[in-house]
file my_file-v6.pdb (PDB, C-alpha atoms)
ATOM      1  CA  MET J   4      92.722 122.567  39.559
ATOM      2  CA  LEU J   5      89.919 119.981  39.467
ATOM      3  CA  THR J   6      92.289 117.272  40.687
ATOM      4  CA  ARG J   7      93.424 119.477  43.570
ATOM      5  CA  PHE J   8      89.822 120.324  44.435
ATOM      6  CA  MET J   9      88.761 116.680  44.355
ATOM      7  CA  GLY J  10      91.726 115.809  46.573
ATOM      8  CA  LYS J  11      90.554 118.308  49.191
ATOM      9  CA  VAL J  12      87.022 116.938  48.977
ATOM     10  CA  TRP J  13      88.330 113.406  49.487
ATOM     11  CA  ILE J  14      90.338 114.501  52.539
ATOM     12  CA  CYS J  15      87.261 116.174  54.020
ATOM     13  CA  LEU J  16      85.084 113.133  53.355
ATOM     14  CA  THR J  17      87.668 110.822  54.891
ATOM     15  CA  ALA J  18      87.936 113.005  58.010
ATOM     16  CA  TRP J  19      84.143 113.111  58.294
ATOM     17  CA  LEU J  20      83.910 109.323  57.923
ATOM     18  CA  VAL J  21      86.571 108.706  60.588
ATOM     19  CA  LEU J  22      84.833 111.102  62.983
ATOM     20  CA  SER J  23      81.450 109.508  62.270
ATOM     21  CA  LEU J  24      82.761 105.988  62.851
ATOM     22  CA  THR J  25      84.490 107.102  66.062
ATOM     23  CA  ILE J  26      81.270 108.621  67.393
ATOM     24  CA  GLN J  27      79.310 105.488  66.459
ATOM     25  CA  ALA J  28      81.908 103.272  68.160
ATOM     26  CA  GLU J  29      81.731 105.348  71.345
ATOM     27  CA  GLU J  30      77.929 105.118  71.299
ATOM     28  CA  LEU J  31      78.169 101.320  71.138
ATOM     29  CA  LEU J  32      80.281 101.143  74.301
ATOM     30  CA  PRO J  33      78.449 100.348  77.567
ATOM     31  CA  THR J  34      77.582 103.226  79.873
ATOM     32  CA  GLY J  35      78.881 101.484  82.999
ATOM     33  CA  ASP J  36      75.670 101.968  84.967
ATOM     34  CA  ALA J  37      74.583  98.579  86.314
ATOM     35  CA  SER J  38      73.309  96.924  89.473
ATOM     36  CA  ILE J  39      73.164  93.324  90.716
ATOM     37  CA  GLY J  40      71.853  91.812  93.933
ATOM     38  CA  GLY J  41      71.652  88.667  96.005
ATOM     39  CA  VAL J  42      69.907  87.728  99.253
ATOM     40  CA  ALA J  43      72.169  87.174 102.262
ATOM     41  CA  GLY J  44      71.104  86.787 105.880
ATOM     42  CA  GLY J  45      67.657  88.299 105.642
ATOM     43  CA  SER J  46      68.822  91.295 103.616
ATOM     44  CA  GLU J  47      70.199  91.817 100.114
ATOM     45  CA  ILE J  48      73.721  92.566  98.972
ATOM     46  CA  VAL J  49      73.410  95.177  96.200
ATOM     47  CA  ILE J  50      76.426  96.074  94.052
ATOM     48  CA  SER J  51      76.304  99.063  91.698
ATOM     49  CA  THR J  52      78.702 100.293  89.022
ATOM     50  CA  THR J  53      78.593 103.707  87.369
ATOM     51  CA  LYS J  54      79.607 105.556  84.224
ATOM     52  CA  ARG J  55      81.430 108.058  86.458
ATOM     53  CA  LEU J  56      83.928 105.342  87.404
ATOM     54  CA  GLY J  57      84.335 103.509  84.099
ATOM     55  CA  GLY J  58      82.332 100.543  85.373
ATOM     56  CA  ALA J  59      84.167 100.179  88.690
ATOM     57  CA  ILE J  60      82.049  99.390  91.762
ATOM     58  CA  ASP J  61      80.706 102.632  93.190
ATOM     59  CA  SER J  62      78.427 101.182  95.879
ATOM     60  CA  LEU J  63      77.878  98.026  97.918
ATOM     61  CA  THR J  64      75.022  97.969 100.403
ATOM     62  CA  TRP J  65      73.665  95.386 102.818
ATOM     63  CA  ASN J  66      71.116  95.675 105.624
ATOM     64  CA  GLY J  67      70.749  99.445 105.314
ATOM     65  CA  LYS J  68      74.462 100.260 105.252
ATOM     66  CA  GLU J  69      76.781 101.579 102.545
ATOM     67  CA  PHE J  70      80.126  99.760 102.664
ATOM     68  CA  ILE J  71      82.048 101.853 100.099
ATOM     69  CA  ASP J  72      83.350 105.389 100.611
ATOM     70  CA  SER J  73      83.246 106.389  96.940
ATOM     71  CA  PHE J  74      84.813 109.841  96.949
ATOM     72  CA  ASP J  75      87.241 110.529  94.101
ATOM     73  CA  HIS J  76      88.301 107.969  91.443
ATOM     74  CA  GLY J  77      90.451 105.961  93.839
ATOM     75  CA  ARG J  78      88.138 105.160  96.750
ATOM     76  CA  GLN J  79      86.029 102.324  95.409
ATOM     77  CA  LEU J  80      85.805  98.547  95.364
ATOM     78  CA  GLN J  81      88.196  98.143  92.454
ATOM     79  CA  SER J  82      91.493  96.841  91.054
ATOM     80  CA  ALA J  83      94.804  98.435  90.085
ATOM     81  CA  SER J  84      98.417  97.545  89.330
ATOM     82  CA  ASN J  85     101.838  99.159  89.639
ATOM     83  CA  PHE J  86     105.055  98.432  87.724
ATOM     84  CA  ASP J  87     108.716  99.417  87.810
ATOM     85  CA  ALA J  88     108.740 100.402  84.086
ATOM     86  CA  GLY J  89     112.497  99.913  83.837
ATOM     87  CA  GLY J  90     113.401 101.809  87.003
ATOM     88  CA  PRO J  91     112.918 101.547  90.753
ATOM     89  CA  LEU J  92     109.463 100.406  91.844
ATOM     90  CA  THR J  93     107.885 103.542  93.326
ATOM     91  CA  ALA J  94     104.329 104.150  94.546
ATOM     92  CA  GLU J  95     101.741 105.036  91.886
ATOM     93  CA  THR J  96     104.256 106.123  89.226
ATOM     94  CA  PHE J  97     103.178 103.513  86.622
ATOM     95  CA  ASN J  98      99.804 102.690  88.088
ATOM     96  CA  PRO J  99      96.932 101.581  85.797
ATOM     97  CA  THR J 100      93.730 102.047  87.819
ATOM     98  CA  GLU J 101      90.281 100.689  86.998
ATOM     99  CA  ALA J 102      88.116 103.594  88.160
ATOM    100  CA  GLY J 103      90.202 106.373  86.625
ATOM    101  CA  SER J 104      92.958 108.875  87.306
ATOM    102  CA  ARG J 105      93.831 111.233  90.132
ATOM    103  CA  LYS J 106      92.954 114.188  87.893
ATOM    104  CA  ASP J 107      89.423 112.830  87.477
ATOM    105  CA  GLY J 108      88.936 113.832  91.115
ATOM    106  CA  LYS J 109      85.296 114.111  92.148
ATOM    107  CA  GLY J 110      84.242 114.677  88.536
ATOM    108  CA  ALA J 111      81.434 112.971  86.646
ATOM    109  CA  SER J 112      83.598 111.099  84.135
ATOM    110  CA  SER J 113      86.573 108.730  84.071
ATOM    111  CA  THR J 114      89.750 108.673  82.004
ATOM    112  CA  SER J 115      89.473 104.868  82.064
ATOM    113  CA  ARG J 116      87.565 103.431  79.107
ATOM    114  CA  LEU J 117      84.907 100.789  79.701
ATOM    115  CA  LEU J 118      84.931  98.427  76.719
ATOM    116  CA  HIS J 119      82.489  95.701  77.727
ATOM    117  CA  MET J 120      79.922  94.966  80.416
ATOM    118  CA  VAL J 121      77.285  92.292  80.869
ATOM    119  CA  THR J 122      75.160  91.321  83.856
ATOM    120  CA  GLY J 123      73.111  88.316  84.923
ATOM    121  CA  PRO J 124      71.321  87.233  88.096
ATOM    122  CA  GLY J 125      73.778  88.183  90.855
ATOM    123  CA  GLN J 126      76.622  88.411  88.313
ATOM    124  CA  LEU J 127      78.589  91.106  86.550
ATOM    125  CA  GLN J 128      81.438  91.048  84.036
ATOM    126  CA  SER J 129      83.344  93.992  82.602
ATOM    127  CA  THR J 130      86.498  94.842  80.682
ATOM    128  CA  THR J 131      88.191  98.206  81.138
ATOM    129  CA  GLN J 132      91.145  99.923  79.498
ATOM    130  CA  MET J 133      92.620 101.427  82.627
ATOM    131  CA  ALA J 134      93.803 105.006  83.072
ATOM    132  CA  PHE J 135      97.125 105.746  84.713
ATOM    133  CA  TRP J 136      96.567 107.144  88.192
ATOM    134  CA  LEU J 137      99.068 109.930  87.562
ATOM    135  CA  ALA J 138      99.102 112.265  84.598
ATOM    136  CA  PRO J 139     102.528 112.456  82.906
ATOM    137  CA  ASP J 140     103.327 115.742  84.648
ATOM    138  CA  GLU J 141     102.379 114.597  88.170
ATOM    139  CA  THR J 142     104.375 113.094  91.034
ATOM    140  CA  SER J 143     103.643 110.701  93.903
ATOM    141  CA  GLU J 144     105.622 110.883  97.153
ATOM    142  CA  GLY J 145     108.214 112.961  95.327
ATOM    143  CA  SER J 146     108.657 110.517  92.410
ATOM    144  CA  PRO J 147     107.618 111.584  88.894
ATOM    145  CA  ALA J 148     105.161 109.639  86.759
ATOM    146  CA  LYS J 149     106.814 107.155  84.391
ATOM    147  CA  ASN J 150     103.861 107.011  82.002
ATOM    148  CA  THR J 151     103.698 109.395  79.061
ATOM    149  CA  THR J 152      99.939 109.135  78.400
ATOM    150  CA  LEU J 153      96.764 109.411  80.463
ATOM    151  CA  LEU J 154      95.238 106.167  79.164
ATOM    152  CA  SER J 155      97.239 102.948  79.535
ATOM    153  CA  ASN J 156      97.278  99.902  77.259
ATOM    154  CA  HIS J 157      96.531  97.660  80.256
ATOM    155  CA  LEU J 158      93.191  95.841  80.240
ATOM    156  CA  LEU J 159      91.309  94.571  83.274
ATOM    157  CA  THR J 160      88.498  92.036  83.137
ATOM    158  CA  LYS J 161      86.535  91.373  86.331
ATOM    159  CA  ARG J 162      83.860  88.809  87.066
ATOM    160  CA  VAL J 163      81.775  89.360  90.177
ATOM    161  CA  GLN J 164      79.296  86.841  91.583
ATOM    162  CA  ILE J 165      77.177  87.361  94.696
ATOM    163  CA  GLY J 166      76.946  84.091  96.622
ATOM    164  CA  TYR J 167      79.382  81.204  96.411
ATOM    165  CA  ARG J 168      78.227  77.596  96.791
ATOM    166  CA  HIS J 169      76.314  77.479 100.116
ATOM    167  CA  LEU J 170      77.731  80.828 101.345
ATOM    168  CA  PRO J 171      75.347  83.709 100.478
ATOM    169  CA  HIS J 172      77.503  86.348 102.202
ATOM    170  CA  VAL J 173      80.475  85.612  99.924
ATOM    171  CA  ILE J 174      81.196  87.555  96.719
ATOM    172  CA  GLN J 175      83.509  85.783  94.306
ATOM    173  CA  TYR J 176      85.794  88.386  92.721
ATOM    174  CA  GLU J 177      87.896  87.203  89.774
ATOM    175  CA  VAL J 178      90.197  89.588  87.914
ATOM    176  CA  THR J 179      92.476  89.237  84.906
ATOM    177  CA  PHE J 180      95.143  91.837  84.155
ATOM    178  CA  VAL J 181      96.359  91.910  80.531
ATOM    179  CA  LEU J 182      99.888  93.278  80.098
ATOM    180  CA  PRO J 183     100.722  94.857  76.722
ATOM    181  CA  ILE J 184     103.549  93.616  74.509
ATOM    182  CA  ASN J 185     105.339  96.949  74.139
ATOM    183  CA  GLU J 186     106.425  97.409  77.771
ATOM    184  CA  VAL J 187     109.307  96.009  79.833
ATOM    185  CA  HIS J 188     108.831  95.356  83.555
ATOM    186  CA  ARG J 189     110.679  93.290  86.136
ATOM    187  CA  HIS J 190     108.535  94.052  89.174
ATOM    188  CA  ALA J 191     104.731  93.975  89.270
ATOM    189  CA  VAL J 192     102.258  94.662  92.061
ATOM    190  CA  PHE J 193      98.670  93.568  91.393
ATOM    191  CA  GLU J 194      96.074  95.004  93.755
ATOM    192  CA  ALA J 195      93.547  92.342  92.790
ATOM    193  CA  VAL J 196      90.847  94.011  94.841
ATOM    194  CA  THR J 197      90.656  96.801  97.381
ATOM    195  CA  GLY J 198      87.808  98.307  99.362
ATOM    196  CA  TYR J 199      87.690 101.862 100.719
ATOM    197  CA  MET J 200      85.152 101.993 103.539
ATOM    198  CA  PRO J 201      83.574 104.633 105.792
ATOM    199  CA  ALA J 202      85.538 105.426 108.959
ATOM    200  CA  GLU J 203      82.896 103.776 111.173
ATOM    201  CA  PHE J 204      84.354 100.395 110.101
ATOM    202  CA  ASP J 205      87.069 101.087 112.635
ATOM    203  CA  THR J 206      87.674  97.619 114.097
ATOM    204  CA  PHE J 207      90.471  95.724 112.321
ATOM    205  CA  LEU J 208      90.765  91.936 112.664
ATOM    206  CA  LYS J 209      92.915  89.211 111.125
ATOM    207  CA  TYR J 210      92.157  85.516 110.716
ATOM    208  CA  ASP J 211      94.934  83.155 111.785
ATOM    209  CA  ALA J 212      93.901  79.984 109.947
ATOM    210  CA  ALA J 213      96.622  77.863 111.565
ATOM    211  CA  ARG J 214      95.127  78.541 114.997
ATOM    212  CA  ASP J 215      91.582  79.157 113.727
ATOM    213  CA  THR J 216      91.397  82.422 115.656
ATOM    214  CA  PHE J 217      90.305  85.964 114.913
ATOM    215  CA  GLU J 218      92.609  88.502 116.509
ATOM    216  CA  ALA J 219      92.779  92.284 116.774
ATOM    217  CA  LEU J 220      94.946  93.835 114.069
ATOM    218  CA  ASP J 221      96.827  97.088 114.521
ATOM    219  CA  ASP J 222      96.569  99.966 112.064
ATOM    220  CA  GLY J 223      99.816  99.144 110.293
ATOM    221  CA  PRO J 224      99.608 100.724 107.807
ATOM    222  CA  GLY J 225     100.468  98.128 105.209
ATOM    223  CA  GLU J 226     100.277  94.420 104.574
ATOM    224  CA  GLN J 227     100.664  91.254 106.601
ATOM    225  CA  SER J 228      99.962  87.615 105.815
ATOM    226  CA  CYS J 229      96.517  86.938 107.339
ATOM    227  CA  PRO J 230      93.088  87.612 105.780
ATOM    228  CA  VAL J 231      91.549  90.786 107.181
ATOM    229  CA  ILE J 232      88.124  91.961 108.330
ATOM    230  CA  LEU J 233      86.986  95.549 108.919
ATOM    231  CA  SER J 234      83.956  95.828 111.207
ATOM    232  CA  THR J 235      81.827  98.418 112.955
ATOM    233  CA  ARG J 236      82.190  98.409 116.745
ATOM    234  CA  SER J 237      78.622  97.148 117.074
ATOM    235  CA  GLU J 238      79.590  94.126 114.912
ATOM    236  CA  SER J 239      76.390  94.677 112.909
ATOM    237  CA  HIS J 240      78.279  95.255 109.639
ATOM    238  CA  ALA J 241      81.626  93.921 108.473
ATOM    239  CA  MET J 242      83.591  93.207 105.311
ATOM    240  CA  GLY J 243      86.502  90.804 104.868
ATOM    241  CA  VAL J 244      88.674  89.381 102.109
ATOM    242  CA  TYR J 245      90.177  85.933 101.552
ATOM    243  CA  SER J 246      92.088  84.402  98.641
ATOM    244  CA  PRO J 247      93.183  80.766  98.366
ATOM    245  CA  GLU J 248      95.987  81.983  96.068
ATOM    246  CA  GLN J 249      97.731  83.996  98.772
ATOM    247  CA  PRO J 250     100.595  84.419  99.406
ATOM    248  CA  SER J 251     102.622  85.186  96.285
ATOM    249  CA  ARG J 252     105.755  83.059  96.073
ATOM    250  CA  GLY J 253     108.647  84.895  97.674
ATOM    251  CA  PHE J 254     106.290  87.286  99.487
ATOM    252  CA  GLU J 255     104.934  85.027 102.216
ATOM    253  CA  HIS J 256     104.926  87.777 104.850
ATOM    254  CA  VAL J 257     102.499  90.070 103.005
ATOM    255  CA  GLY J 258      99.360  89.940 100.876
ATOM    256  CA  TYR J 259      96.537  91.471 102.920
ATOM    257  CA  GLY J 260      96.670  95.176 103.742
ATOM    258  CA  ARG J 261      94.834  97.477 106.115
ATOM    259  CA  PHE J 262      95.006 101.251 106.340
ATOM    260  CA  ARG J 263      93.377 103.978 108.409
ATOM    261  CA  PHE J 264      93.415 107.486 106.927
ATOM    262  CA  VAL J 265      92.311 109.572 109.899
ATOM    263  CA  GLY J 266      92.348 112.940 108.154
ATOM    264  CA  ASP J 267      90.283 111.668 105.238
ATOM    265  CA  ARG J 268      87.917 109.693 107.483
ATOM    266  CA  VAL J 269      88.270 106.526 105.445
ATOM    267  CA  VAL J 270      89.666 103.022 106.021
ATOM    268  CA  LYS J 271      90.894 100.516 103.476
ATOM    269  CA  TRP J 272      91.722  96.835 103.004
ATOM    270  CA  ASN J 273      93.329  95.149 100.000
ATOM    271  CA  CYS J 274      94.451  91.812  98.570
ATOM    272  CA  VAL J 275      97.790  92.156  96.766
ATOM    273  CA  PHE J 276      99.863  89.838  94.573
ATOM    274  CA  ARG J 277     103.442  90.382  93.415
ATOM    275  CA  ILE J 278     105.727  89.111  90.686
ATOM    276  CA  ASP J 279     109.477  89.659  90.482
ATOM    277  CA  GLU J 280     111.193  88.430  87.331
ATOM    278  CA  PRO J 281     114.759  89.693  86.647
ATOM    279  CA  SER J 282     114.566  88.536  83.015
ATOM    280  CA  GLY J 283     111.344  90.481  82.428
ATOM    281  CA  ILE J 284     107.687  89.837  83.169
ATOM    282  CA  LYS J 285     105.935  88.198  80.227
ATOM    283  CA  PRO J 286     103.267  90.268  78.469
ATOM    284  CA  ARG J 287     100.272  87.992  79.016
ATOM    285  CA  GLU J 288      97.192  87.543  81.191
ATOM    286  CA  TYR J 289      97.541  87.361  84.987
ATOM    287  CA  SER J 290      94.450  86.126  86.836
ATOM    288  CA  PHE J 291      93.638  86.162  90.564
ATOM    289  CA  ARG J 292      90.639  84.994  92.566
ATOM    290  CA  SER J 293      89.549  86.605  95.798
ATOM    291  CA  PHE J 294      86.429  86.396  97.940
ATOM    292  CA  VAL J 295      84.882  89.512  99.468
ATOM    293  CA  ILE J 296      82.648  88.700 102.434
ATOM    294  CA  VAL J 297      79.816  90.988 103.585
ATOM    295  CA  GLY J 298      77.396  90.751 106.519
ATOM    296  CA  ASP J 299      77.463  91.112 110.263
ATOM    297  CA  LEU J 300      80.719  90.128 111.932
ATOM    298  CA  ALA J 301      79.472  86.658 112.934
ATOM    299  CA  ALA J 302      78.456  85.863 109.336
ATOM    300  CA  VAL J 303      81.747  87.162 107.938
ATOM    301  CA  LYS J 304      83.767  85.071 110.398
ATOM    302  CA  HIS J 305      81.744  81.946 109.645
ATOM    303  CA  SER J 306      82.081  82.415 105.890
ATOM    304  CA  MET J 307      85.816  83.060 106.095
ATOM    305  CA  ARG J 308      86.322  79.881 108.131
ATOM    306  CA  GLN J 309      84.310  77.866 105.630
ATOM    307  CA  LEU J 310      86.212  79.269 102.661
ATOM    308  CA  GLN J 311      89.528  78.392 104.265
ATOM    309  CA  LYS J 312      88.356  74.827 104.909
ATOM    310  CA  GLU J 313      86.927  74.285 101.433
ATOM    311  CA  LEU J 314      89.544  76.291  99.521
ATOM    312  CA  PRO J 315      92.802  76.089 101.483
ATOM    313  CA  HIS J 316      95.800  78.142 100.419
ATOM    314  CA  GLN J 317      97.074  77.159  96.992
ATOM    315  CA  PRO J 318      99.720  79.784  96.126
ATOM    316  CA  GLN J 319     100.285  80.311  92.411
TER     317      GLN J 319
END
call {"tool": "encode", "arguments": {"input": "my_file-v6.pdb", "output": "structure tokens"}}
result
Amino acid sequence: MLTRFMGKVWICLTAWLVLSLTIQAEELLPTGDASIGGVAGGSEIVISTTKRLGGAIDSLTWNGKEFIDSFDHGRQLQSASNFDAGGPLTAETFNPTEAGSRKDGKGASSTSRLLHMVTGPGQLQSTTQMAFWLAPDETSEGSPAKNTTLLSNHLLTKRVQIGYRHLPHVIQYEVTFVLPINEVHRHAVFEAVTGYMPAEFDTFLKYDAARDTFEALDDGPGEQSCPVILSTRSESHAMGVYSPEQPSRGFEHVGYGRFRFVGDRVVKWNCVFRIDEPSGIKPREYSFRSFVIVGDLAAVKHSMRQLQKELPHQPQ
């Protein structure tokens, strides 16, 4: 009887210890609330992350204007990926997402798990265990989720720096996706960075580096091969994206997307990389560097031109 009693006591103590250590570990994790800034063109670029979004960027302001339409857990300045998971590559069905899941909605918390965050003058670094966008019982465009859990084993580390060399309007945005060893994929889509913006950024432009011209860009939706800029009609505020690593090999006709969601009153741009490997994509780190440019349209154009001159295309 005493042995049986002591066994029950030991089980209870072990359970208590595990719970206590789990709570302590969670308390040691960063909250995700942080802010960095840097002067650009007589104003300041201010970037803020929040606990609500697992450390993803919730806000970016410059010269009195908010550039991010942070609505649910998808409309942010953030990163995501999508994989075939042994079947056809379908939208969002195996989709680790930095800010959280579709079910997180407009809620105050994220299914994604922020593991690490540090900041410095004009700099931010974080590592997140990303949630799948879909819950296992959900579908996207008629296709069922391929994931069987809410939280993925995919890690994302981002490093954000306001100002690059002599270009104060440029934000260097470096991301590393870590693929786990227990998955098999042949097709990967890395949305290295995307920005969901208020509908007033309704003027779409593309930069043709070969001709050194900025041209009107139609609504698409989807990707094309030139860096993009979304601007207000007044040209007082604009945001663009450029990467010297574009395009992905074998995908020279795409890489930079633009989208207008009229019903939701939101617009979006993204910078996307792809890997196709019939023998299987290796479970390792995949890193991409992009530059997000913020200011009035003249400053964004100037900075994009300078980046292209100093960092010409060097596809991976």
call {"tool": "residues_around", "arguments": {"input": "my_file-v6.pdb", "residues": "Ile184 of chain J", "least_positions_apart": "2", "cutoff": "8 Å", "atoms": "only C-alpha atoms", "output": "NGL selection string"}}
result
:J and (182 or 186 or 286-287)
call {"tool": "write_last_selection", "arguments": {"input": "my_file-v6.pdb", "atoms": "C-alpha atoms", "output": "short mmCIF file (atom, residue, chain, number, x, y, z; two decimals), keeping the file's coordinate frame"}}
result
data_model
loop_
_atom_site.label_atom_id
_atom_site.label_comp_id
_atom_site.auth_asym_id
_atom_site.auth_seq_id
_atom_site.Cartn_x
_atom_site.Cartn_y
_atom_site.Cartn_z
CA LEU J 182 99.89 93.28 80.10
CA GLU J 186 106.42 97.41 77.77
CA PRO J 286 103.27 90.27 78.47
CA ARG J 287 100.27 87.99 79.02
#
call {"tool": "closest_atom_pairs", "arguments": {"input": "my_file-v6.pdb", "of": "segment 225-297 of chain J", "to": "segment 156-180 of chain J", "cutoff": "6 Å", "atoms": "only C-alpha atoms", "output": "JSON lines"}}
result
{"residue": "J:Glu288", "atom": "CA", "partner": "J:Phe180", "partner_atom": "CA", "distance": 5.6}
{"residue": "J:Tyr289", "atom": "CA", "partner": "J:Phe180", "partner_atom": "CA", "distance": 5.1}
{"residue": "J:Ser290", "atom": "CA", "partner": "J:Thr179", "partner_atom": "CA", "distance": 4.2}
{"residue": "J:Phe291", "atom": "CA", "partner": "J:Val178", "partner_atom": "CA", "distance": 5.5}
{"residue": "J:Arg292", "atom": "CA", "partner": "J:Glu177", "partner_atom": "CA", "distance": 4.5}
{"residue": "J:Ser293", "atom": "CA", "partner": "J:Tyr176", "partner_atom": "CA", "distance": 5.2}
{"residue": "J:Phe294", "atom": "CA", "partner": "J:Gln175", "partner_atom": "CA", "distance": 4.7}
{"residue": "J:Val295", "atom": "CA", "partner": "J:Ile174", "partner_atom": "CA", "distance": 5.0}
{"residue": "J:Ile296", "atom": "CA", "partner": "J:Val173", "partner_atom": "CA", "distance": 4.5}
{"residue": "J:Val297", "atom": "CA", "partner": "J:His172", "partner_atom": "CA", "distance": 5.4}
call {"tool": "write_last_selection", "arguments": {"input": "my_file-v6.pdb", "atoms": "C-alpha atoms", "output": "PDB file, in the frame of the given file"}}
result
ATOM      1  CA  GLU J 288      97.192  87.543  81.191  1.00  0.00           C
ATOM      2  CA  TYR J 289      97.541  87.361  84.987  1.00  0.00           C
ATOM      3  CA  SER J 290      94.450  86.126  86.836  1.00  0.00           C
ATOM      4  CA  PHE J 291      93.638  86.162  90.564  1.00  0.00           C
ATOM      5  CA  ARG J 292      90.639  84.994  92.566  1.00  0.00           C
ATOM      6  CA  SER J 293      89.549  86.605  95.798  1.00  0.00           C
ATOM      7  CA  PHE J 294      86.429  86.396  97.940  1.00  0.00           C
ATOM      8  CA  VAL J 295      84.882  89.512  99.468  1.00  0.00           C
ATOM      9  CA  ILE J 296      82.648  88.700 102.434  1.00  0.00           C
ATOM     10  CA  VAL J 297      79.816  90.988 103.585  1.00  0.00           C
TER      11      VAL J 297
END
call {"tool": "atom_distance", "arguments": {"input": "my_file-v6.pdb", "atom1": "atom CA of Ser38 of chain J", "atom2": "atom CA of Thr52 of chain J"}}
result
6.4 Å
call {"tool": "atom_distance", "arguments": {"input": "my_file-v6.pdb", "atom1": "atom CA of Asp221 of chain J", "atom2": "atom CA of Tyr245 of chain J"}}
result
18.4 Å
call {"tool": "residues_near_point", "arguments": {"input": "my_file-v6.pdb", "point": "(80.9, 112.5, 100.4)", "cutoff": "10 Å", "atoms": "only C-alpha atoms", "output": "PyMOL selection string"}}
result
chain J and resi 72-75+109+201
call {"tool": "atom_distance", "arguments": {"input": "my_file-v6.pdb", "atom1": "atom CA of Lys209 of chain J", "atom2": "atom CA of Trp65 of chain J"}}
result
21.9 Å
call {"tool": "residues_near_point", "arguments": {"input": "my_file-v6.pdb", "point": "(75.6, 89.9, 84.1)", "cutoff": "10 Å", "atoms": "all atoms listed in the file", "output": "PDB file with C-alpha atoms, in the frame of the given file"}}
result
ATOM      1  CA  ALA J  37      74.583  98.579  86.314  1.00  0.00           C
ATOM      2  CA  SER J  38      73.309  96.924  89.473  1.00  0.00           C
ATOM      3  CA  ILE J  39      73.164  93.324  90.716  1.00  0.00           C
ATOM      4  CA  MET J 120      79.922  94.966  80.416  1.00  0.00           C
ATOM      5  CA  VAL J 121      77.285  92.292  80.869  1.00  0.00           C
ATOM      6  CA  THR J 122      75.160  91.321  83.856  1.00  0.00           C
ATOM      7  CA  GLY J 123      73.111  88.316  84.923  1.00  0.00           C
ATOM      8  CA  PRO J 124      71.321  87.233  88.096  1.00  0.00           C
ATOM      9  CA  GLY J 125      73.778  88.183  90.855  1.00  0.00           C
ATOM     10  CA  GLN J 126      76.622  88.411  88.313  1.00  0.00           C
ATOM     11  CA  LEU J 127      78.589  91.106  86.550  1.00  0.00           C
ATOM     12  CA  GLN J 128      81.438  91.048  84.036  1.00  0.00           C
ATOM     13  CA  SER J 129      83.344  93.992  82.602  1.00  0.00           C
ATOM     14  CA  ARG J 162      83.860  88.809  87.066  1.00  0.00           C
ATOM     15  CA  VAL J 163      81.775  89.360  90.177  1.00  0.00           C
ATOM     16  CA  GLN J 164      79.296  86.841  91.583  1.00  0.00           C
TER      17      GLN J 164
END
